[in-house]
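Participant: This one is query_21.txt, compact mmCIF, C-alpha atoms.
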```
# COMPACT_ATOMS: atom_id res chain seq x y z
CA MET A 1297 -39.05 9.39 -37.23
CA ALA A 1298 -39.31 7.56 -33.95
CA GLU A 1299 -37.71 4.39 -35.39
CA LEU A 1300 -34.60 6.37 -36.24
CA PHE A 1301 -34.05 7.30 -32.64
CA ASP A 1302 -34.97 3.84 -31.40
CA TYR A 1303 -32.31 2.21 -33.52
CA ASP A 1304 -29.35 2.12 -31.14
CA GLU A 1305 -31.51 1.52 -28.16
CA SER A 1306 -32.99 -1.57 -29.79
CA ARG A 1307 -29.54 -2.86 -30.70
CA GLU A 1308 -28.59 -2.49 -27.07
CA ALA A 1309 -31.76 -4.30 -26.09
CA VAL A 1310 -30.91 -7.19 -28.43
CA SER A 1311 -27.43 -7.51 -26.96
CA ALA A 1312 -28.85 -7.38 -23.44
CA ALA A 1313 -31.41 -10.08 -24.32
CA LYS A 1314 -28.68 -12.28 -25.83
CA VAL A 1315 -26.56 -11.98 -22.71
CA ARG A 1316 -29.56 -12.79 -20.51
CA ALA A 1317 -30.37 -15.87 -22.61
CA LEU A 1318 -26.75 -16.97 -22.64
CA GLU A 1319 -26.40 -16.64 -18.90
CA ALA A 1320 -29.61 -18.58 -18.29
CA LEU A 1321 -28.55 -21.37 -20.68
CA LEU A 1322 -25.08 -21.73 -19.22
CA ILE A 1323 -26.36 -21.81 -15.65
CA LYS A 1324 -28.99 -24.40 -16.65
CA LYS A 1325 -26.27 -26.54 -18.25
CA GLY A 1326 -24.14 -26.30 -15.13
CA VAL A 1327 -21.34 -24.66 -17.11
CA LEU A 1328 -21.57 -21.36 -15.24
CA GLY A 1329 -22.15 -20.94 -11.52
CA SER A 1330 -24.69 -18.32 -10.51
CA ASP A 1331 -21.96 -16.34 -8.72
CA SER A 1332 -19.13 -16.96 -11.24
CA VAL A 1333 -19.40 -13.54 -12.88
CA ASP A 1334 -19.25 -11.67 -9.58
CA ALA A 1335 -16.40 -13.86 -8.36
CA VAL A 1336 -14.21 -13.21 -11.38
CA LEU A 1337 -15.00 -9.48 -11.53
CA SER A 1338 -14.43 -8.96 -7.83
CA HIS A 1339 -10.74 -9.20 -8.66
CA PHE A 1340 -10.98 -5.95 -10.65
CA GLU A 1341 -13.57 -4.32 -8.46
CA THR A 1342 -12.25 -4.94 -4.97
CA VAL A 1343 -8.92 -6.79 -4.98
CA ALA A 1344 -6.54 -5.22 -7.50
CA GLY A 1345 -7.11 -1.70 -8.72
CA PRO A 1346 -6.37 1.99 -8.33
CA PHE A 1347 -8.19 2.10 -4.97
CA ASN A 1348 -5.16 0.30 -3.46
CA GLY A 1349 -2.69 2.89 -4.72
CA ALA A 1350 -4.97 5.69 -3.57
CA ARG A 1351 -5.10 4.24 -0.08
CA ILE A 1352 -1.32 4.02 0.10
CA VAL A 1353 -0.97 7.65 -1.01
CA ALA A 1354 -3.54 8.83 1.52
CA ARG A 1355 -1.74 6.97 4.30
CA ALA A 1356 1.59 8.50 3.24
CA TRP A 1357 0.05 11.98 3.35
CA LEU A 1358 -1.28 11.45 6.86
CA ASP A 1359 1.66 9.58 8.34
CA SER A 1360 5.10 10.94 7.50
CA ALA A 1361 6.86 7.98 9.12
CA TYR A 1362 4.89 5.68 6.83
CA LYS A 1363 5.85 7.82 3.86
CA CYS A 1364 9.54 7.43 4.77
CA ARG A 1365 9.17 3.67 5.02
CA LEU A 1366 7.33 3.66 1.69
CA LEU A 1367 10.13 5.50 -0.05
CA GLU A 1368 12.77 3.41 1.68
CA ASP A 1369 11.35 -0.08 1.08
CA THR A 1370 8.17 0.13 -0.98
CA PRO A 1371 7.08 -3.55 -1.06
CA LYS A 1372 7.55 -3.84 2.70
CA ALA A 1373 5.54 -0.68 3.40
CA ILE A 1374 2.78 -1.85 1.03
CA ALA A 1375 2.72 -5.20 2.83
CA GLU A 1376 1.98 -3.35 6.09
CA LEU A 1377 -1.45 -2.48 4.73
CA ASN A 1378 -2.38 -6.12 4.06
CA PHE A 1379 -3.88 -5.85 0.62
CA PRO A 1380 -5.36 -9.15 -0.53
CA GLY A 1381 -4.28 -8.69 -4.16
CA MET A 1382 -0.68 -7.81 -3.49
CA ASN A 1383 0.80 -11.31 -3.57
CA GLY A 1384 1.13 -11.47 -7.34
CA ALA A 1385 4.29 -10.67 -9.21
CA GLU A 1386 2.81 -7.40 -10.44
CA GLY A 1387 2.80 -5.98 -6.93
CA GLU A 1388 6.42 -6.85 -6.27
CA HIS A 1389 9.36 -4.74 -7.35
CA MET A 1390 7.40 -1.57 -6.71
CA LYS A 1391 9.21 1.64 -5.99
CA ALA A 1392 7.58 4.85 -4.84
CA VAL A 1393 8.87 8.33 -5.60
CA ALA A 1394 7.41 11.46 -4.04
CA ASN A 1395 6.53 14.75 -5.65
CA SER A 1396 7.50 17.81 -3.66
CA GLU A 1397 7.87 21.57 -4.00
CA SER A 1398 11.13 21.05 -5.86
CA VAL A 1399 10.58 17.78 -7.78
CA HIS A 1400 7.94 16.40 -10.10
CA ASN A 1401 8.09 12.73 -11.10
CA LEU A 1402 6.80 11.17 -14.30
CA VAL A 1403 6.56 7.41 -14.88
CA ILE A 1404 6.83 5.93 -18.34
CA CYS A 1405 7.80 2.59 -19.80
CA THR A 1406 10.01 2.59 -22.85
CA LEU A 1407 10.37 -1.13 -23.35
CA CYS A 1408 7.04 -2.77 -22.75
CA SER A 1409 4.05 -1.86 -20.73
CA CYS A 1410 5.13 -2.75 -17.25
CA TYR A 1411 2.51 -1.31 -15.04
CA PRO A 1412 1.79 -1.77 -11.33
CA TRP A 1413 -1.64 -3.27 -11.86
CA PRO A 1414 -2.72 -4.15 -8.35
CA MET A 1415 -2.15 -0.55 -7.33
CA LEU A 1416 -3.03 1.52 -10.38
CA GLY A 1417 -5.53 -0.71 -12.16
CA LEU A 1418 -5.65 -1.02 -15.94
CA PRO A 1419 -3.31 1.33 -17.79
CA PRO A 1420 -4.84 4.07 -19.94
CA TYR A 1421 -4.91 3.77 -23.74
CA TRP A 1422 -1.95 6.03 -24.37
CA TYR A 1423 0.40 4.26 -21.97
CA LYS A 1424 1.45 1.81 -24.67
CA ASP A 1425 1.71 4.52 -27.29
CA PRO A 1426 5.34 4.71 -28.50
CA VAL A 1427 5.00 8.45 -29.08
CA PHE A 1428 4.07 9.08 -25.45
CA ARG A 1429 6.92 6.90 -24.27
CA SER A 1430 9.64 8.40 -26.42
CA ARG A 1431 8.51 11.99 -25.91
CA GLY A 1432 8.22 11.35 -22.18
CA VAL A 1433 11.97 10.71 -22.15
CA ARG A 1434 12.95 13.43 -24.61
CA GLU A 1435 10.71 16.30 -23.59
CA PRO A 1436 8.86 15.48 -20.39
CA ARG A 1437 7.95 19.11 -19.69
CA ALA A 1438 6.22 19.46 -23.05
CA VAL A 1439 4.34 16.19 -22.50
CA LEU A 1440 3.29 17.28 -19.02
CA ARG A 1441 2.11 20.65 -20.36
CA GLU A 1442 -0.12 18.82 -22.84
CA PHE A 1443 -1.57 16.81 -19.97
CA GLY A 1444 -2.44 20.12 -18.31
CA VAL A 1445 0.39 19.92 -15.80
CA PRO A 1446 2.78 22.79 -16.51
CA ILE A 1447 5.92 22.48 -14.38
CA SER A 1448 7.72 25.68 -13.50
CA ALA A 1449 11.30 26.06 -14.71
CA ASP A 1450 12.74 25.97 -11.19
CA LYS A 1451 11.19 22.58 -10.47
CA GLU A 1452 13.14 19.48 -11.42
CA VAL A 1453 11.38 16.86 -13.54
CA ARG A 1454 12.49 13.28 -13.00
CA VAL A 1455 11.43 10.60 -15.46
CA TRP A 1456 11.26 6.99 -14.30
CA ASP A 1457 11.28 4.12 -16.72
CA SER A 1458 9.29 1.16 -15.44
CA SER A 1459 10.54 -2.28 -16.28
CA ALA A 1460 9.94 -5.85 -15.22
CA GLN A 1461 12.48 -5.24 -12.45
CA ILE A 1462 11.09 -1.97 -11.04
CA ARG A 1463 7.57 -0.62 -11.34
CA TRP A 1464 7.48 2.99 -10.31
CA PHE A 1465 4.62 4.97 -8.92
CA VAL A 1466 4.33 8.55 -7.78
CA ILE A 1467 3.16 9.86 -4.44
CA PRO A 1468 1.57 13.12 -5.60
CA GLU A 1469 1.64 16.27 -3.52
CA ARG A 1470 -1.17 16.55 -1.03
CA PRO A 1471 -3.60 19.20 -2.23
CA ALA A 1472 -4.20 22.43 -0.37
CA HIS A 1473 -7.24 22.74 1.91
CA SER A 1474 -7.33 19.01 2.62
CA GLU A 1475 -6.31 19.16 6.31
CA HIS A 1476 -9.79 18.26 7.53
CA LEU A 1477 -10.20 15.15 5.36
CA THR A 1478 -10.10 11.56 6.59
CA GLU A 1479 -7.88 8.89 5.00
CA THR A 1480 -10.85 7.58 2.97
CA GLN A 1481 -11.78 11.06 1.77
CA LEU A 1482 -8.18 11.76 0.80
CA ALA A 1483 -7.92 8.45 -1.07
CA ALA A 1484 -11.00 9.40 -3.08
CA LEU A 1485 -9.11 12.39 -4.52
CA VAL A 1486 -6.20 10.32 -5.85
CA THR A 1487 -6.42 9.22 -9.50
CA PRO A 1488 -4.29 6.66 -11.34
CA GLU A 1489 -2.99 9.49 -13.54
CA ALA A 1490 -1.79 11.39 -10.48
CA MET A 1491 0.13 8.27 -9.43
CA MET A 1492 1.79 8.19 -12.88
CA GLY A 1493 2.73 11.85 -12.59
CA VAL A 1494 0.60 13.07 -15.51
CA ALA A 1495 -1.93 14.79 -13.25
CA LEU A 1496 -2.02 16.65 -9.97
CA VAL A 1497 -4.44 15.93 -7.17
CA PRO A 1498 -6.99 18.73 -7.16
CA ALA A 1499 -7.96 20.51 -3.96
CA PRO A 1500 -11.21 19.11 -2.55
CA THR A 1501 -14.33 20.95 -3.56
CA ALA A 1502 -15.91 22.84 -0.67
CA ALA A 1503 -18.52 20.77 1.12
CA MET B 1175 4.54 -13.42 -15.04
CA PHE B 1176 0.94 -13.12 -13.85
CA THR B 1177 -0.18 -15.31 -11.04
CA ARG B 1178 -3.85 -14.44 -11.55
CA PHE B 1179 -5.77 -15.47 -14.64
CA GLU B 1180 -7.88 -12.29 -14.45
CA GLU B 1181 -4.81 -10.09 -14.76
CA TYR B 1182 -3.28 -12.19 -17.51
CA ALA B 1183 -6.52 -12.14 -19.50
CA ALA B 1184 -7.11 -8.40 -19.29
CA THR B 1185 -3.48 -7.53 -19.91
CA GLN B 1186 -3.33 -9.60 -23.09
CA MET B 1187 -5.93 -7.26 -24.59
CA LEU B 1188 -4.35 -3.95 -23.69
CA GLY B 1189 -3.03 -1.96 -26.61
CA GLN B 1190 -4.59 -4.52 -28.99
CA PRO B 1191 -7.62 -4.19 -31.29
CA ASP B 1192 -9.82 -5.96 -28.70
CA SER B 1193 -8.82 -3.72 -25.80
CA PRO B 1194 -11.83 -3.21 -23.48
CA PRO B 1195 -13.23 0.23 -22.59
CA ARG B 1196 -11.88 1.55 -19.32
CA SER B 1197 -11.84 4.66 -17.24
CA GLU B 1198 -9.65 5.77 -14.36
CA GLY B 1199 -7.90 2.43 -14.18
CA LYS B 1200 -11.14 0.46 -14.03
CA LEU B 1201 -13.11 -1.51 -16.58
CA PHE B 1202 -15.90 0.65 -17.87
CA PHE B 1203 -19.41 -0.77 -18.28
CA SER B 1204 -22.29 1.52 -19.15
CA GLU B 1205 -24.88 -1.26 -18.73
CA GLU B 1206 -25.14 -4.25 -16.42
CA TRP B 1207 -25.30 -6.74 -19.34
CA GLN B 1208 -21.86 -5.54 -20.46
CA ARG B 1209 -20.42 -6.39 -17.07
CA THR B 1210 -22.16 -9.76 -17.16
CA VAL B 1211 -20.88 -10.77 -20.58
CA PHE B 1212 -17.34 -9.63 -19.79
CA GLY B 1213 -17.35 -11.66 -16.59
CA MET B 1214 -18.92 -14.71 -18.27
CA ALA B 1215 -16.16 -14.99 -20.88
CA LEU B 1216 -13.50 -14.58 -18.23
CA ALA B 1217 -15.09 -17.08 -15.85
CA LEU B 1218 -15.61 -19.72 -18.57
CA SER B 1219 -12.08 -19.45 -19.88
CA LYS B 1220 -10.74 -19.58 -16.34
CA GLU B 1221 -12.70 -22.82 -15.88
CA GLY B 1222 -11.01 -24.19 -19.00
CA TYR B 1223 -13.96 -24.24 -21.41
CA PHE B 1224 -11.85 -22.44 -24.00
CA GLU B 1225 -8.46 -20.82 -24.37
CA TRP B 1226 -8.54 -17.07 -23.78
CA ASP B 1227 -6.54 -16.45 -26.95
CA ASP B 1228 -9.05 -18.43 -29.03
CA PHE B 1229 -11.87 -16.26 -27.69
CA ARG B 1230 -9.81 -13.14 -28.40
CA GLN B 1231 -9.24 -14.27 -31.97
CA ASN B 1232 -13.04 -14.49 -32.42
CA LEU B 1233 -13.38 -11.05 -30.88
CA ILE B 1234 -10.76 -9.54 -33.17
CA ASN B 1235 -12.46 -11.20 -36.17
CA THR B 1236 -15.86 -9.79 -35.29
CA ILE B 1237 -14.31 -6.35 -34.72
CA THR B 1238 -12.59 -6.56 -38.11
CA ALA B 1239 -15.87 -7.61 -39.74
CA TRP B 1240 -17.60 -4.57 -38.22
CA GLU B 1241 -14.86 -2.27 -39.47
CA LYS B 1242 -15.21 -3.67 -43.00
CA ASP B 1243 -18.98 -3.44 -43.03
CA ALA B 1244 -19.49 -0.15 -41.29
CA CYS B 1245 -20.57 2.59 -43.61
CA ALA B 1246 -19.98 6.00 -42.10
CA GLY B 1247 -22.70 6.82 -39.62
CA ASP B 1248 -24.51 3.57 -40.29
CA THR B 1249 -23.86 1.38 -37.31
CA LYS B 1250 -22.60 2.70 -34.04
CA TRP B 1251 -19.52 1.10 -32.54
CA ASP B 1252 -20.48 -1.10 -29.65
CA TYR B 1253 -17.59 -3.06 -28.11
CA TYR B 1254 -19.77 -5.31 -25.98
CA GLU B 1255 -22.06 -6.15 -28.89
CA ARG B 1256 -18.93 -7.52 -30.64
CA TYR B 1257 -17.86 -9.21 -27.41
CA THR B 1258 -21.21 -10.97 -27.07
CA LEU B 1259 -21.04 -12.28 -30.64
CA ALA B 1260 -17.50 -13.53 -30.06
CA LEU B 1261 -18.48 -15.36 -26.89
CA ILE B 1262 -21.47 -17.07 -28.53
CA ALA B 1263 -19.21 -18.06 -31.43
CA ILE B 1264 -16.57 -19.72 -29.24
CA LEU B 1265 -19.23 -21.58 -27.23
CA GLU B 1266 -20.73 -22.91 -30.47
CA GLN B 1267 -17.27 -23.85 -31.76
CA ARG B 1268 -16.63 -25.79 -28.56
CA ARG B 1269 -20.11 -27.37 -28.78
CA ILE B 1270 -21.02 -26.00 -25.37
CA LEU B 1271 -23.95 -24.43 -27.19
CA GLU B 1272 -25.75 -26.39 -29.89
CA PRO B 1273 -26.75 -24.57 -33.07
CA GLY B 1274 -30.12 -22.90 -32.59
CA GLU B 1275 -30.03 -23.23 -28.81
CA MET B 1276 -29.55 -19.51 -28.23
CA ALA B 1277 -32.42 -18.64 -30.56
CA ARG B 1278 -34.76 -21.05 -28.75
CA GLN B 1279 -33.78 -19.63 -25.35
CA MET B 1280 -34.40 -16.09 -26.57
CA VAL B 1281 -37.86 -17.04 -27.84
CA ALA B 1282 -38.57 -18.73 -24.51
CA ASP B 1283 -37.42 -15.61 -22.63
CA GLU B 1284 -39.58 -13.45 -24.84
CA THR B 1285 -42.75 -15.53 -24.38
CA SER B 1286 -42.29 -15.85 -20.62
CA LYS B 1287 -42.31 -12.06 -20.17
```
Rewrite the coordinates I just gave you, this time as structure tokens.
Facilitator:
Amino acid sequence: MAELFDYDESREAVSAAKVRALEALLIKKGVLGSDSVDAVLSHFETVAGPFNGARIVARAWLDSAYKCRLLEDTPKAIAELNFPGMNGAEGEHMKAVANSESVHNLVICTLCSCYPWPMLGLPPYWYKDPVFRSRGVREPRAVLREFGVPISADKEVRVWDSSAQIRWFVIPERPAHSEHLTETQLAALVTPEAMMGVALVPAPTAA
Amino acid sequence: MFTRFEEYAATQMLGQPDSPPRSEGKLFFSEEWQRTVFGMALALSKEGYFEWDDFRQNLINTITAWEKDACAGDTKWDYYERYTLALIAILEQRRILEPGEMARQMVADETSK
């Protein structure tokens, strides 16, 4: 019986051994530098990713003047924070919209999959799904309900269609009971989905 | 449109059969070797050892082969197992690896344990 349960684990072990052997060979041949893997992945891990968007949202929550500048001229306000990964074309043409007591914003993309990468990271699987995109336009409230975000009838839902010209992102509402949190702690609560408008930011769990 | 190779490379895969696992906007690796092999392919293509699209074609082929072979419940889907096979294949196609070289290295690794 034991072999049955070992099966997947040993397949994993074979893959791991192959990758180890491959890395060793390529370094020995001078094809791969010993720090090449970390260098290329640092782009995803520290330069461009959802941690940037989360930091912008946290700053906007703490500093209402910053929030105004962000809504007024988004690229300029983002530039204030000096992100290293924000020079690429994907970070330009950004436009922030803010959720409030009276408005909920939802970002979709009906044409392609324009997505503000350096701020939100890699888009989720369903973002390219034509059903999500067309229903997002036609019946945003129903789509939001399915995401677990029911919007009351008296709240306006605005749908924003991202394109190569404008890449939208949402400043979610600051959760209740978060007054005592620092900027870093607030940023940790913000998910990419909240910045697309398909999730809310949950109140922090009691320490 | 993309000024960074890393972004171009990852974006080409999104919504395609070779789309990598991800979670909360980040690449998702459950083991360190998965991170290593993902980064190796990216780094080597960035250095010009092979075209990213040629590697992706290998990856899609090995994924298709798995789909054809897989009997229900027989072999578990493992994206990075496919990815590793595709990377070895492109390196052999480009003669960066000689035939049999990987096998010899693995034996050497095994005996040096």
Participant: Hey, what's within 9 Å of segment 1306-1312 of chain A if we count all atoms listed in the file and toss same-chain stuff fewer than 2 positions away? As a ChimeraX atom specification, please?
Facilitator: /A:1302-1304,1314-1317 /B:1205-1208,1252,1254-1255,1258-1259
Participant: Write out as CSV the residues of chain A that have any atom within 8 Å of an atom of chain B, one row each with the nearest atom pair and its distance in Å to one decimal, counting all atoms listed in the file, sorted by chain and then rising number.
Facilitator:
```
residue,atom,partner,partner_atom,distance
A:Asp1304,CA,B:Lys1250,CA,7.4
A:Glu1308,CA,B:Glu1255,CA,7.7
A:Ser1311,CA,B:Glu1255,CA,5.9
A:Ala1312,CA,B:Trp1207,CA,5.5
A:Ala1313,CA,B:Met1280,CA,7.1
A:Lys1314,CA,B:Met1280,CA,6.9
A:Val1315,CA,B:Val1211,CA,6.2
A:Arg1316,CA,B:Trp1207,CA,7.5
A:Ala1317,CA,B:Met1280,CA,5.7
A:Leu1318,CA,B:Met1276,CA,6.7
A:Glu1319,CA,B:Met1214,CA,7.8
A:Leu1321,CA,B:Gln1279,CA,7.2
A:Val1327,CA,B:Leu1218,CA,7.7
A:Leu1328,CA,B:Leu1218,CA,7.0
A:Ser1332,CA,B:Ala1217,CA,6.1
A:Val1333,CA,B:Gly1213,CA,4.6
A:Asp1334,CA,B:Gly1213,CA,7.3
A:Val1336,CA,B:Ala1217,CA,6.0
A:Leu1337,CA,B:Gly1213,CA,6.0
A:His1339,CA,B:Glu1180,CA,7.2
A:Phe1340,CA,B:Lys1200,CA,7.2
A:Glu1341,CA,B:Lys1200,CA,7.7
A:Gly1345,CA,B:Gly1199,CA,6.9
A:Pro1346,CA,B:Gly1199,CA,6.1
A:Gly1384,CA,B:Thr1177,CA,5.5
A:Ala1385,CA,B:Phe1176,CA,6.2
A:Glu1386,CA,B:Phe1176,CA,6.9
A:Leu1416,CA,B:Gly1199,CA,6.2
A:Gly1417,CA,B:Gly1199,CA,4.4
A:Leu1418,CA,B:Gly1199,CA,4.5
A:Pro1419,CA,B:Gly1199,CA,5.9
A:Pro1420,CA,B:Gly1199,CA,6.7
A:Tyr1421,CA,B:Gly1189,CA,6.7
A:Lys1424,CA,B:Gly1189,CA,6.2
A:Thr1487,CA,B:Glu1198,CA,6.8
A:Pro1488,CA,B:Glu1198,CA,6.2
A:Glu1489,CA,B:Glu1198,CA,7.7
```
Participant: List as an mmCIF file with C-alpha atoms, keeping the file's coordinate frame the protein and nucleic acid residues near Arg1431 of chain A, meaning an atom at most 12 Å away when only C-alpha atoms are counted, but skip any in the same chain fewer than 5 places from it.
Facilitator:
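result-v2.cif, written as the output of this step:
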```
data_model
loop_
_atom_site.group_PDB
_atom_site.id
_atom_site.type_symbol
_atom_site.label_atom_id
_atom_site.label_comp_id
_atom_site.auth_asym_id
_atom_site.auth_seq_id
_atom_site.Cartn_x
_atom_site.Cartn_y
_atom_site.Cartn_z
ATOM 1 C CA LEU A 1402 6.800 11.170 -14.300
ATOM 2 C CA ILE A 1404 6.830 5.930 -18.340
ATOM 3 C CA CYS A 1405 7.800 2.590 -19.800
ATOM 4 C CA THR A 1406 10.010 2.590 -22.850
ATOM 5 C CA TYR A 1423 0.400 4.260 -21.970
ATOM 6 C CA ASP A 1425 1.710 4.520 -27.290
ATOM 7 C CA PRO A 1426 5.340 4.710 -28.500
ATOM 8 C CA PRO A 1436 8.860 15.480 -20.390
ATOM 9 C CA ARG A 1437 7.950 19.110 -19.690
ATOM 10 C CA ALA A 1438 6.220 19.460 -23.050
ATOM 11 C CA VAL A 1439 4.340 16.190 -22.500
ATOM 12 C CA LEU A 1440 3.290 17.280 -19.020
ATOM 13 C CA GLU A 1442 -0.120 18.820 -22.840
ATOM 14 C CA VAL A 1455 11.430 10.600 -15.460
#
```
Participant: Scan for residues within 12 Å of the point (-9.9, 9.3, 5.3) in the coordinates of the file, using all atoms listed in the file, and reply as a ChimeraX atom specification.
Facilitator: /A:1350-1359,1474-1486
Participant: Could you tell me how far atom CA of Asp1457 of chain A sits from atom CA of Gly1432 of chain A, in Å to one decimal place?
Facilitator: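 Separation of atom CA of Gly1432 of chain A and atom CA of Asp1457 of chain A: 9.6 Å.
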Participant: Report, in Å to a single decimal, how far apart atom CA of Ala1183 of chain B and atom CA of Lys1391 of chain A are.
Facilitator: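 These atoms are spaced 24.9 Å apart.
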Participant: Please list as a PyMOL selection string every residue within 9 Å of Val1343 of chain A, counting only C-alpha atoms and excluding residues in the same chain fewer than 3 positions away.
Facilitator: chain A and resi 1338-1340+1347-1348+1379-1382+1414
Participant: What separation in Å, quoted to one decimal, exists between atom CA of Arg1441 of chain A and atom CA of Ala1495 of chain A?
Facilitator: 10.1 Å
